[in-house]
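Coordinates from final-v7.cif are shown below (mmCIF, C-alpha atoms).
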data_structure
#
loop_
_atom_site.label_atom_id
_atom_site.label_comp_id
_atom_site.auth_asym_id
_atom_site.auth_seq_id
_atom_site.Cartn_x
_atom_site.Cartn_y
_atom_site.Cartn_z
CA MET A 516 116.89 401.82 85.60
CA GLN A 517 120.57 401.81 86.53
CA LEU A 518 122.42 398.62 85.63
CA ASN A 519 125.45 397.53 87.63
CA SER A 520 128.54 397.89 85.42
CA GLY A 521 131.11 397.26 88.14
CA PHE A 522 133.70 394.57 87.48
CA SER A 523 137.14 393.56 88.74
CA CYS A 524 140.26 393.50 86.62
CA ASN A 525 143.80 392.55 87.57
CA SER A 526 145.29 392.31 84.09
CA VAL A 527 144.80 393.78 80.62
CA ILE A 528 145.65 391.27 77.89
CA TRP A 529 146.24 393.06 74.58
CA ILE A 530 145.97 390.56 71.71
CA SER A 531 147.20 391.78 68.34
CA SER A 532 147.39 390.14 64.93
CA LEU A 533 148.31 392.62 62.21
CA PRO A 534 150.68 392.81 59.26
CA SER A 535 154.09 394.20 60.24
CA ALA A 536 153.49 397.30 58.10
CA GLU A 537 150.48 398.17 60.27
CA MET A 538 152.20 397.66 63.61
CA PRO A 539 153.61 401.18 64.28
CA PRO A 540 150.30 402.57 65.70
CA THR A 541 149.90 399.42 67.80
CA ASN A 542 153.47 399.74 69.07
CA ARG A 543 152.84 403.33 70.10
CA MET A 544 149.61 402.37 71.89
CA VAL A 545 151.33 399.45 73.60
CA ASP A 546 154.13 401.76 74.78
CA ALA A 547 151.53 404.15 76.20
CA MET A 548 149.72 401.24 77.88
CA THR A 549 152.95 399.99 79.40
CA ALA A 550 153.58 403.42 80.92
CA HIS A 551 149.97 403.63 82.18
CA SER A 552 150.25 400.21 83.80
CA ARG A 553 153.35 401.25 85.72
CA GLU A 554 151.74 404.49 86.87
CA SER A 555 148.41 402.97 87.86
CA GLY A 556 149.61 399.58 89.04
CA PHE A 557 147.58 397.29 86.79
CA GLY A 558 148.95 394.28 84.97
CA PHE A 559 149.48 394.64 81.23
CA GLN A 560 150.62 392.09 78.67
CA HIS A 561 150.88 392.48 74.91
CA VAL A 562 150.51 389.13 73.11
CA PRO A 563 150.95 389.05 69.31
CA VAL A 564 149.40 385.95 67.70
CA SER A 565 150.27 384.65 64.26
CA SER A 566 147.84 381.76 63.87
CA LYS A 567 144.28 380.84 64.74
CA ALA A 568 145.56 377.95 66.86
CA LYS A 569 147.73 380.32 68.91
CA LEU A 570 144.84 382.73 69.41
CA LEU A 571 142.45 380.03 70.59
CA GLY A 572 145.18 378.43 72.68
CA LEU A 573 145.81 381.76 74.39
CA LEU A 574 142.12 382.10 75.24
CA ASP A 575 142.13 378.54 76.63
CA GLU A 576 145.16 379.45 78.75
CA LEU A 577 143.40 382.54 80.10
CA ALA A 578 140.43 380.37 81.07
CA VAL A 579 142.75 378.10 83.05
CA HIS A 580 144.34 381.06 84.81
CA ALA A 581 140.89 382.44 85.61
CA ARG A 582 139.84 379.08 87.04
CA ASP A 583 142.99 378.16 88.95
CA HIS A 584 144.66 381.47 89.79
CA SER A 585 141.78 383.96 90.16
CA MET A 586 142.89 385.89 87.10
CA LYS A 587 140.39 388.58 86.09
CA PRO A 588 141.48 389.75 82.67
CA LEU A 589 140.21 392.54 80.49
CA ILE A 590 140.78 391.26 76.96
CA HIS A 591 141.62 393.72 74.19
CA PHE A 592 141.52 392.61 70.54
CA ASP A 593 143.72 394.64 68.17
CA THR A 594 143.01 393.04 64.79
CA HIS A 595 141.05 393.45 61.60
CA GLY A 596 137.47 392.19 61.59
CA ASN A 597 134.72 391.10 59.25
CA LYS A 598 131.05 391.29 60.23
CA ASP A 599 130.39 387.76 58.94
CA ALA A 600 133.72 385.93 59.21
CA GLY A 601 135.02 387.10 62.61
CA ILE A 602 138.42 388.54 63.47
CA TYR A 603 141.35 388.32 61.10
CA VAL A 604 144.45 386.38 62.05
CA ASP A 605 147.54 387.63 60.26
CA GLY A 606 150.12 385.03 59.32
CA GLU A 607 147.59 382.48 58.13
CA ASP A 608 145.29 384.83 56.19
CA THR A 609 142.29 383.37 58.00
CA PHE A 610 139.58 384.31 60.47
CA ALA A 611 138.55 383.18 63.92
CA ASP A 612 134.78 383.08 63.60
CA TRP A 613 132.42 384.76 66.04
CA ASN A 614 130.94 381.47 67.26
CA THR A 615 134.31 380.03 68.19
CA LEU A 616 135.38 383.25 69.88
CA ALA A 617 132.14 383.35 71.88
CA GLU A 618 132.74 379.78 73.05
CA LYS A 619 136.29 380.53 74.20
CA LEU A 620 135.34 383.81 75.88
CA GLN A 621 132.39 382.12 77.57
CA ALA A 622 134.76 379.69 79.32
CA ILE A 623 136.75 382.63 80.71
CA ASN A 624 133.59 384.45 81.73
CA VAL A 625 132.23 381.40 83.54
CA HIS A 626 135.45 381.02 85.55
CA THR A 627 135.41 384.72 86.46
CA LYS A 628 131.70 384.46 87.43
CA ASN A 629 130.55 386.90 84.74
CA ASN A 630 133.31 389.41 85.27
CA LEU A 631 134.93 389.48 81.82
CA ALA A 632 135.17 392.80 79.98
CA VAL A 633 136.23 392.80 76.32
CA VAL A 634 137.36 395.72 74.17
CA GLY A 635 137.07 394.83 70.50
CA ALA A 636 139.22 397.47 68.80
CA THR A 637 138.51 395.91 65.43
CA CYS A 638 136.19 396.76 62.59
CA PHE A 639 132.75 395.20 63.15
CA GLY A 640 133.80 394.04 66.62
CA LEU A 641 130.26 394.40 67.98
CA HIS A 642 129.30 391.40 65.86
CA ALA A 643 130.87 389.27 68.59
CA ILE A 644 127.41 389.38 70.21
CA LYS A 645 125.80 387.50 67.28
CA PRO A 646 126.11 383.99 68.83
CA ILE A 647 124.70 385.05 72.22
CA SER A 648 121.67 383.16 73.54
CA LEU A 649 119.87 383.43 76.88
CA GLN A 650 119.88 379.63 76.92
CA THR A 651 123.59 379.59 77.81
CA ALA A 652 126.05 381.60 79.88
CA ALA A 653 127.00 385.04 78.56
CA PRO A 654 130.43 385.09 76.83
CA PHE A 655 131.31 388.39 78.53
CA PHE A 656 129.90 390.80 81.06
CA LEU A 657 130.70 393.87 78.95
CA LEU A 658 131.80 394.43 75.37
CA LEU A 659 132.95 397.76 73.93
CA ALA A 660 133.35 397.59 70.16
CA PRO A 661 132.47 399.37 66.91
CA GLU A 662 129.48 398.15 64.92
CA ASP A 663 131.05 399.17 61.62
CA LYS A 664 134.52 400.15 60.40
CA VAL A 665 136.82 402.15 62.66
CA LYS A 666 139.93 404.10 61.67
CA VAL A 667 143.27 403.47 63.31
CA GLY A 668 143.65 407.20 63.96
CA PHE A 669 140.60 407.13 66.24
CA LEU A 670 142.01 404.12 68.08
CA GLU A 671 145.42 405.67 68.60
CA ASP A 672 143.91 408.95 69.79
CA ASN A 673 141.45 407.38 72.20
CA VAL A 674 142.24 403.84 73.33
CA PRO A 675 145.23 404.59 75.61
CA ASN A 676 143.30 407.50 77.14
CA PHE A 677 140.34 405.19 77.70
CA TYR A 678 142.49 402.83 79.74
CA ARG A 679 144.09 405.66 81.65
CA GLY A 680 140.62 406.98 82.48
CA LEU A 681 139.36 403.52 83.41
CA PHE A 682 142.05 402.90 86.00
CA GLU A 683 142.20 406.46 87.30
CA LEU A 684 138.43 406.98 87.56
CA GLY A 685 137.50 403.40 88.38
CA SER A 686 134.46 403.61 86.08
CA ILE A 687 134.24 401.95 82.69
CA ASP A 688 131.07 403.94 81.95
CA ALA A 689 132.83 407.28 82.44
CA ALA A 690 135.94 406.22 80.50
CA TYR A 691 133.81 404.89 77.64
CA THR A 692 131.69 408.06 77.45
CA ARG A 693 134.74 410.32 77.37
CA HIS A 694 136.91 408.42 74.94
CA LEU A 695 135.16 405.69 72.91
CA SER A 696 131.46 406.48 72.64
CA ASP A 697 131.78 408.32 69.30
CA LYS A 698 132.66 405.10 67.46
CA PHE A 699 132.15 402.21 69.88
CA LYS A 700 128.92 400.62 71.09
CA TYR A 701 128.45 399.46 74.67
CA PHE A 702 127.06 395.94 75.20
CA HIS A 703 125.99 395.00 78.73
CA CYS A 704 124.79 391.41 79.20
CA GLU A 705 122.21 392.42 81.80
CA LYS A 706 120.74 395.02 79.46
CA MET A 707 120.35 392.33 76.81
CA LEU A 708 118.57 390.11 79.34
CA PHE A 709 116.22 392.96 80.21
CA ILE A 710 115.41 393.78 76.57
CA VAL A 711 114.84 390.16 75.47
CA ILE A 712 112.55 389.25 78.37
CA ALA A 713 110.67 392.55 78.13
CA ARG A 714 110.06 391.90 74.43
CA TYR A 715 108.89 388.36 75.18
CA LEU A 716 106.46 389.60 77.83
CA LYS A 717 105.11 392.34 75.57
CA GLU A 718 104.76 390.23 72.43
CA GLN A 719 103.82 386.83 73.86
CA CYS A 720 102.15 387.43 77.23
CA LYS A 721 100.46 390.82 77.03
CA GLY A 722 97.72 392.40 74.91
CA LYS A 723 97.00 391.11 71.43
CA GLY A 724 100.12 388.97 71.34
CA GLY A 725 99.20 387.18 74.54
CA ALA A 726 95.61 386.70 73.42
CA ALA A 727 96.71 385.26 70.08
CA ARG A 728 99.08 382.87 71.82
CA ARG A 729 96.33 381.67 74.16
CA GLU A 730 93.97 381.11 71.23
CA ARG A 731 96.59 379.01 69.43
CA LEU A 732 97.02 376.88 72.53
CA ILE A 733 93.25 376.53 72.96
CA THR A 734 92.99 375.25 69.39
CA GLU A 735 95.77 372.73 70.04
CA ILE A 736 94.13 371.52 73.27
CA PHE A 737 90.72 370.92 71.69
CA SER A 738 92.31 369.28 68.64
CA GLN A 739 93.46 366.52 70.97
CA GLY A 740 89.89 365.36 71.50
CA MET A 741 88.49 367.44 74.37
CA GLU A 742 84.84 368.29 73.81
CA LYS A 743 84.48 372.00 73.06
CA THR A 744 81.65 372.86 75.45
CA PRO A 745 81.16 376.34 76.94
CA ASP A 746 82.25 375.04 80.37
CA ASN A 747 85.39 373.37 78.99
CA LEU A 748 86.25 376.46 76.96
CA LYS A 749 85.89 378.69 80.03
CA ARG A 750 88.00 376.32 82.15
CA VAL A 751 90.77 376.07 79.52
CA ARG A 752 90.89 379.84 79.03
CA LYS A 753 91.32 380.39 82.76
CA MET A 754 93.95 377.66 83.01
CA LEU A 755 95.98 379.16 80.18
CA LYS A 756 95.67 382.72 81.45
CA ASP A 757 96.90 381.65 84.89
CA GLY A 758 99.58 379.34 83.51
CA LEU A 759 101.04 381.85 81.07
CA ARG A 760 101.19 384.68 83.59
CA PRO A 761 104.94 385.42 84.01
CA ASP A 762 106.39 385.62 87.51
CA GLN A 763 109.75 386.19 89.18
CA SER A 764 110.74 382.55 88.70
CA LEU A 765 110.85 383.10 84.92
CA LEU A 766 113.39 385.89 85.29
CA ASP A 767 115.35 384.00 87.95
CA ARG A 768 115.65 380.98 85.70
CA TYR A 769 117.10 382.91 82.78
CA ALA A 770 119.20 385.27 84.91
CA GLY A 771 120.78 382.44 86.88
CA ARG A 772 122.00 380.75 83.71
CA PHE A 773 122.83 383.74 81.53
CA LEU A 774 124.38 385.93 84.26
CA ILE A 775 126.27 382.97 85.75
CA GLY A 776 124.90 383.58 89.23
CA ARG A 777 125.65 387.30 89.24
CA GLN A 778 122.97 389.28 91.06
CA CYS A 779 120.40 390.70 88.64
CA SER A 780 119.81 394.45 89.05
CA PHE A 781 116.12 394.34 88.13
CA SER A 782 113.04 392.32 89.05
CA MET A 783 109.99 391.07 87.19
CA ALA A 784 108.09 394.01 88.71
CA ASP A 785 110.60 396.38 87.04
CA LEU A 786 109.98 394.65 83.71
CA GLU A 787 106.22 394.90 84.14
CA SER A 788 106.48 398.61 84.96
CA PHE A 789 108.68 399.22 81.92
CA ILE A 790 106.20 397.46 79.61
CA GLU A 791 103.26 399.40 81.03
CA SER A 792 105.07 402.74 80.65
CA ASP A 793 106.06 401.88 77.08
CA ASN A 794 102.44 401.32 75.97
#

Structure encoded using C-alpha coordinates:
Amino acid sequence: MQLNSGFSCNSVIWISSLPSAEMPPTNRMVDAMTAHSRESGFGFQHVPVSSKAKLLGLLDELAVHARDHSMKPLIHFDTHGNKDAGIYVDGEDTFADWNTLAEKLQAINVHTKNNLAVVGATCFGLHAIKPISLQTAAPFFLLLAPEDKVKVGFLEDNVPNFYRGLFELGSIDAAYTRHLSDKFKYFHCEKMLFIVIARYLKEQCKGKGGAARRERLITEIFSQGMEKTPDNLKRVRKMLKDGLRPDQSLLDRYAGRFLIGRQCSFSMADLESFIESDN
(Lines of atoms letter the chains of each structure in order from A and count residues from 1; the text may use other names and numbers.)
(Lines give C-alpha, C1' and ligand atoms only; values in the text may rest on other atoms or scores of the structure.)
Protein backbone atom coordinates (compact mmCIF):
# COMPACT_ATOMS: atom_id res chain seq x y z
CA MET A 1 0.00 0.00 0.00
CA GLN A 2 1.32 3.41 -0.98
CA LEU A 3 0.90 6.11 1.67
CA ASN A 4 0.58 9.74 0.67
CA SER A 5 3.73 11.58 1.79
CA GLY A 6 3.01 14.84 0.00
CA PHE A 7 3.13 18.01 2.08
CA SER A 8 3.51 21.76 1.53
CA CYS A 9 6.38 23.82 2.87
CA ASN A 10 7.05 27.53 2.51
CA SER A 11 9.79 27.88 5.11
CA VAL A 12 12.55 25.80 6.72
CA ILE A 13 13.13 26.80 10.33
CA TRP A 14 16.54 25.56 11.52
CA ILE A 15 16.64 25.56 15.33
CA SER A 16 20.06 25.09 16.89
CA SER A 17 21.25 24.95 20.48
CA LEU A 18 24.88 23.87 20.73
CA PRO A 19 28.01 24.95 22.59
CA SER A 20 30.00 27.54 20.64
CA ALA A 21 32.87 25.07 20.18
CA GLU A 22 30.53 22.76 18.25
CA MET A 23 29.07 25.43 15.99
CA PRO A 24 31.50 25.32 13.01
CA PRO A 25 29.77 22.32 11.32
CA THR A 26 26.38 23.95 11.93
CA ASN A 27 27.64 27.24 10.47
CA ARG A 28 28.85 25.45 7.36
CA MET A 29 25.53 23.64 6.96
CA VAL A 30 23.60 26.87 7.52
CA ASP A 31 25.72 28.62 4.86
CA ALA A 32 24.95 25.79 2.43
CA MET A 33 21.25 25.99 3.30
CA THR A 34 21.22 29.73 2.75
CA ALA A 35 22.69 29.24 -0.72
CA HIS A 36 20.19 26.44 -1.49
CA SER A 37 17.28 28.63 -0.41
CA ARG A 38 18.33 31.39 -2.78
CA GLU A 39 18.76 28.97 -5.67
CA SER A 40 15.53 27.07 -5.09
CA GLY A 41 13.38 29.90 -3.79
CA PHE A 42 12.32 28.49 -0.42
CA GLY A 43 12.33 30.42 2.83
CA PHE A 44 15.10 29.61 5.30
CA GLN A 45 15.71 30.92 8.80
CA HIS A 46 18.37 29.87 11.28
CA VAL A 47 17.26 30.46 14.89
CA PRO A 48 19.76 29.75 17.69
CA VAL A 49 18.07 29.29 21.09
CA SER A 50 19.84 29.58 24.42
CA SER A 51 17.08 28.62 26.86
CA LYS A 52 14.17 26.24 27.14
CA ALA A 53 11.79 29.20 27.41
CA LYS A 54 13.08 30.63 24.13
CA LEU A 55 12.74 27.28 22.39
CA LEU A 56 9.17 26.76 23.54
CA GLY A 57 8.33 30.39 22.84
CA LEU A 58 9.62 30.00 19.30
CA LEU A 59 7.41 26.95 18.75
CA ASP A 60 4.42 28.90 20.12
CA GLU A 61 5.24 31.72 17.69
CA LEU A 62 5.37 29.29 14.77
CA ALA A 63 1.94 27.97 15.77
CA VAL A 64 0.55 31.51 15.64
CA HIS A 65 2.09 32.11 12.22
CA ALA A 66 0.66 28.82 10.99
CA ARG A 67 -2.78 29.78 12.30
CA ASP A 68 -2.88 33.42 11.24
CA HIS A 69 -0.54 33.68 8.26
CA SER A 70 -0.74 30.27 6.55
CA MET A 71 2.85 29.48 7.41
CA LYS A 72 3.81 25.89 6.56
CA PRO A 73 7.16 25.31 8.20
CA LEU A 74 9.52 22.38 8.03
CA ILE A 75 11.19 22.38 11.44
CA HIS A 76 14.80 21.22 11.75
CA PHE A 77 16.30 20.53 15.19
CA ASP A 78 20.10 20.85 15.38
CA THR A 79 20.83 19.93 19.01
CA HIS A 80 22.02 17.13 21.24
CA GLY A 81 19.42 14.62 22.40
CA ASN A 82 18.78 12.06 25.09
CA LYS A 83 16.40 9.13 24.55
CA ASP A 84 14.72 9.70 27.92
CA ALA A 85 15.17 13.40 28.67
CA GLY A 86 14.47 15.02 25.28
CA ILE A 87 16.56 17.55 23.39
CA TYR A 88 19.38 19.45 25.04
CA VAL A 89 19.23 23.21 25.38
CA ASP A 90 22.67 24.78 25.60
CA GLY A 91 23.00 27.83 27.81
CA GLU A 92 20.88 26.41 30.62
CA ASP A 93 22.30 22.87 30.66
CA THR A 94 18.77 21.47 30.56
CA PHE A 95 16.44 19.48 28.34
CA ALA A 96 13.13 20.11 26.65
CA ASP A 97 11.32 16.83 27.27
CA TRP A 98 9.63 14.81 24.54
CA ASN A 99 6.14 15.33 25.99
CA THR A 100 6.44 19.10 25.99
CA LEU A 101 7.91 19.13 22.49
CA ALA A 102 5.08 16.91 21.22
CA GLU A 103 2.52 19.29 22.71
CA LYS A 104 4.10 22.34 21.06
CA LEU A 105 4.56 20.62 17.70
CA GLN A 106 0.99 19.32 17.84
CA ALA A 107 -0.32 22.90 17.99
CA ILE A 108 1.63 23.76 14.82
CA ASN A 109 0.48 20.58 13.11
CA VAL A 110 -3.17 21.26 13.95
CA HIS A 111 -2.96 24.77 12.46
CA THR A 112 -1.31 23.40 9.30
CA LYS A 113 -3.97 20.64 9.08
CA ASN A 114 -1.44 17.82 9.51
CA ASN A 115 1.17 19.25 7.20
CA LEU A 116 4.14 19.58 9.55
CA ALA A 117 7.39 17.82 8.66
CA VAL A 118 10.17 17.64 11.26
CA VAL A 119 13.82 16.71 10.78
CA GLY A 120 15.38 15.77 14.10
CA ALA A 121 19.11 15.98 13.40
CA THR A 122 19.85 15.04 16.98
CA CYS A 123 20.91 11.86 18.70
CA PHE A 124 17.86 9.75 19.63
CA GLY A 125 15.58 12.18 17.76
CA LEU A 126 13.15 9.40 16.82
CA HIS A 127 12.14 9.24 20.48
CA ALA A 128 10.00 12.31 19.77
CA ILE A 129 7.30 9.79 18.80
CA LYS A 130 7.12 8.36 22.35
CA PRO A 131 4.22 10.58 23.54
CA ILE A 132 2.06 9.93 20.46
CA SER A 133 -1.44 8.54 21.02
CA LEU A 134 -4.24 7.88 18.53
CA GLN A 135 -6.55 9.53 21.05
CA THR A 136 -5.21 12.98 20.11
CA ALA A 137 -4.00 14.82 17.03
CA ALA A 138 -0.63 13.77 15.61
CA PRO A 139 2.23 16.16 16.56
CA PHE A 140 3.63 15.99 13.02
CA PHE A 141 2.82 14.50 9.65
CA LEU A 142 6.37 13.23 9.07
CA LEU A 143 9.45 12.89 11.23
CA LEU A 144 12.93 12.01 9.96
CA ALA A 145 15.33 11.32 12.82
CA PRO A 146 17.94 8.83 14.09
CA GLU A 147 16.87 6.22 16.61
CA ASP A 148 20.31 6.15 18.22
CA LYS A 149 23.43 8.34 18.17
CA VAL A 150 24.44 10.10 14.98
CA LYS A 151 27.81 11.62 14.13
CA VAL A 152 28.15 15.23 13.06
CA GLY A 153 30.20 14.14 10.04
CA PHE A 154 27.21 12.24 8.67
CA LEU A 155 24.99 15.28 9.22
CA GLU A 156 27.36 17.68 7.51
CA ASP A 157 27.83 15.33 4.56
CA ASN A 158 24.16 14.62 4.04
CA VAL A 159 21.74 17.15 5.52
CA PRO A 160 22.34 20.05 3.09
CA ASN A 161 22.16 17.60 0.17
CA PHE A 162 18.91 16.23 1.57
CA TYR A 163 17.35 19.68 1.48
CA ARG A 164 18.71 20.39 -1.97
CA GLY A 165 17.21 17.11 -3.18
CA LEU A 166 13.91 17.80 -1.42
CA PHE A 167 13.35 21.13 -3.14
CA GLU A 168 14.78 20.11 -6.50
CA LEU A 169 12.99 16.74 -6.72
CA GLY A 170 9.85 17.73 -4.84
CA SER A 171 9.82 14.37 -3.04
CA ILE A 172 10.77 13.89 0.59
CA ASP A 173 10.79 10.12 0.07
CA ALA A 174 13.41 10.32 -2.69
CA ALA A 175 15.56 12.86 -0.81
CA TYR A 176 15.40 10.77 2.36
CA THR A 177 16.34 7.55 0.55
CA ARG A 178 19.32 9.15 -1.16
CA HIS A 179 20.77 11.10 1.72
CA LEU A 180 19.46 10.18 5.19
CA SER A 181 18.21 6.60 5.17
CA ASP A 182 21.51 5.10 6.37
CA LYS A 183 21.15 6.70 9.81
CA PHE A 184 17.67 8.22 10.01
CA LYS A 185 14.32 6.50 10.47
CA TYR A 186 11.18 7.66 8.65
CA PHE A 187 8.03 8.14 10.75
CA HIS A 188 4.76 8.67 8.87
CA CYS A 189 1.69 9.33 11.04
CA GLU A 190 -0.62 7.47 8.67
CA LYS A 191 1.62 4.40 8.77
CA MET A 192 1.42 4.44 12.55
CA LEU A 193 -2.38 4.63 12.34
CA PHE A 194 -2.40 1.64 9.98
CA ILE A 195 -0.10 -0.47 12.18
CA VAL A 196 -1.91 0.28 15.46
CA ILE A 197 -5.40 -0.43 14.14
CA ALA A 198 -4.24 -3.53 12.25
CA ARG A 199 -2.68 -4.86 15.46
CA TYR A 200 -5.88 -4.11 17.39
CA LEU A 201 -8.00 -5.94 14.81
CA LYS A 202 -5.66 -8.93 14.75
CA GLU A 203 -5.20 -9.25 18.51
CA GLN A 204 -8.60 -8.17 19.82
CA CYS A 205 -11.15 -8.86 17.08
CA LYS A 206 -9.86 -11.82 15.09
CA GLY A 207 -9.02 -15.46 15.81
CA LYS A 208 -8.05 -16.55 19.31
CA GLY A 209 -7.68 -12.99 20.55
CA GLY A 210 -11.19 -12.07 19.47
CA ALA A 211 -12.64 -15.25 20.92
CA ALA A 212 -10.90 -14.68 24.26
CA ARG A 213 -12.18 -11.11 24.38
CA ARG A 214 -15.75 -12.25 23.70
CA GLU A 215 -15.51 -14.90 26.43
CA ARG A 216 -14.34 -12.28 28.94
CA LEU A 217 -17.29 -10.09 28.05
CA ILE A 218 -19.70 -13.03 28.30
CA THR A 219 -18.43 -13.76 31.80
CA GLU A 220 -18.92 -10.11 32.79
CA ILE A 221 -22.46 -10.03 31.36
CA PHE A 222 -23.61 -13.15 33.22
CA SER A 223 -21.92 -11.99 36.42
CA GLN A 224 -24.41 -9.13 36.47
CA GLY A 225 -27.28 -11.53 37.16
CA MET A 226 -28.49 -12.77 33.77
CA GLU A 227 -29.51 -16.42 33.92
CA LYS A 228 -27.00 -18.54 32.01
CA THR A 229 -29.40 -20.62 29.92
CA PRO A 230 -28.46 -22.09 26.52
CA ASP A 231 -30.78 -19.59 24.77
CA ASN A 232 -29.32 -16.60 26.64
CA LEU A 233 -25.78 -17.79 25.99
CA LYS A 234 -26.50 -18.15 22.26
CA ARG A 235 -28.13 -14.71 22.12
CA VAL A 236 -25.26 -13.01 23.99
CA ARG A 237 -22.62 -14.68 21.80
CA LYS A 238 -24.35 -13.44 18.65
CA MET A 239 -24.79 -9.96 20.09
CA LEU A 240 -21.11 -9.70 20.99
CA LYS A 241 -19.90 -11.12 17.69
CA ASP A 242 -22.01 -8.59 15.77
CA GLY A 243 -21.19 -5.73 18.11
CA LEU A 244 -17.43 -6.27 18.10
CA ARG A 245 -17.19 -6.62 14.33
CA PRO A 246 -15.06 -3.62 13.20
CA ASP A 247 -16.34 -1.43 10.38
CA GLN A 248 -15.28 1.68 8.48
CA SER A 249 -16.67 3.95 11.20
CA LEU A 250 -13.98 2.69 13.60
CA LEU A 251 -11.22 3.76 11.24
CA ASP A 252 -12.97 7.04 10.38
CA ARG A 253 -13.27 7.93 14.05
CA TYR A 254 -9.57 7.48 14.77
CA ALA A 255 -8.37 8.88 11.44
CA GLY A 256 -10.46 12.03 11.76
CA ARG A 257 -8.92 12.87 15.12
CA PHE A 258 -5.36 11.64 14.65
CA LEU A 259 -4.91 12.83 11.04
CA ILE A 260 -6.64 16.15 11.77
CA GLY A 261 -9.09 15.74 8.91
CA ARG A 262 -6.47 14.79 6.35
CA GLN A 263 -7.77 12.19 3.90
CA CYS A 264 -6.76 8.67 4.94
CA SER A 265 -5.05 6.68 2.17
CA PHE A 266 -6.45 3.30 3.24
CA SER A 267 -9.81 1.81 4.18
CA MET A 268 -11.00 -0.80 6.64
CA ALA A 269 -11.14 -3.23 3.71
CA ASP A 270 -7.39 -2.60 3.13
CA LEU A 271 -6.73 -3.37 6.80
CA GLU A 272 -8.78 -6.56 6.63
CA SER A 273 -6.91 -7.69 3.51
CA PHE A 274 -3.55 -6.98 5.16
CA ILE A 275 -4.48 -9.02 8.24
CA GLU A 276 -5.69 -11.95 6.14
CA SER A 277 -2.51 -11.94 4.03
CA ASP A 278 -0.34 -11.78 7.15
CA ASN A 279 -1.86 -14.95 8.65

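Nearest-residue note for Asn629 of chain A: choosing from A:Ser648, A:Ser526, A:Gln778, A:Ser555, the minimum distance belongs to A:Gln778, counting only C-alpha atoms.
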
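Atom CA of Met544 of chain A sits 16.6 Å away from atom CA of Ala690 of chain A.
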
Selection dump of the PyMOL selection byres ((chain A and resi 559) around 6), as a PyMOL selection string: chain A and resi 526-527+558+560

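With all atoms listed in the file as the atoms that count, the minimum distance from Arg777 of chain A to the choices A:Ser535, A:Gln763, A:Gln650, A:Asn624 is reached by A:Asn624.
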
Result set, the PyMOL selection byres ((chain A and resi 699) around 9) on current file, as a ChimeraX atom specification: /A:635-636,640-641,659-663,665,691,695-698,700-701

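Across the chains present, the PyMOL selection byres ((chain A and resi 626) around 9) applied to this file returns Ala578, Val579, His580, Ala581, Arg582, Asp583, Ser585, Gln621, Ala622, Ile623, Asn624, Val625, Thr627, Lys628, Asn629 and Asn630 of chain A.
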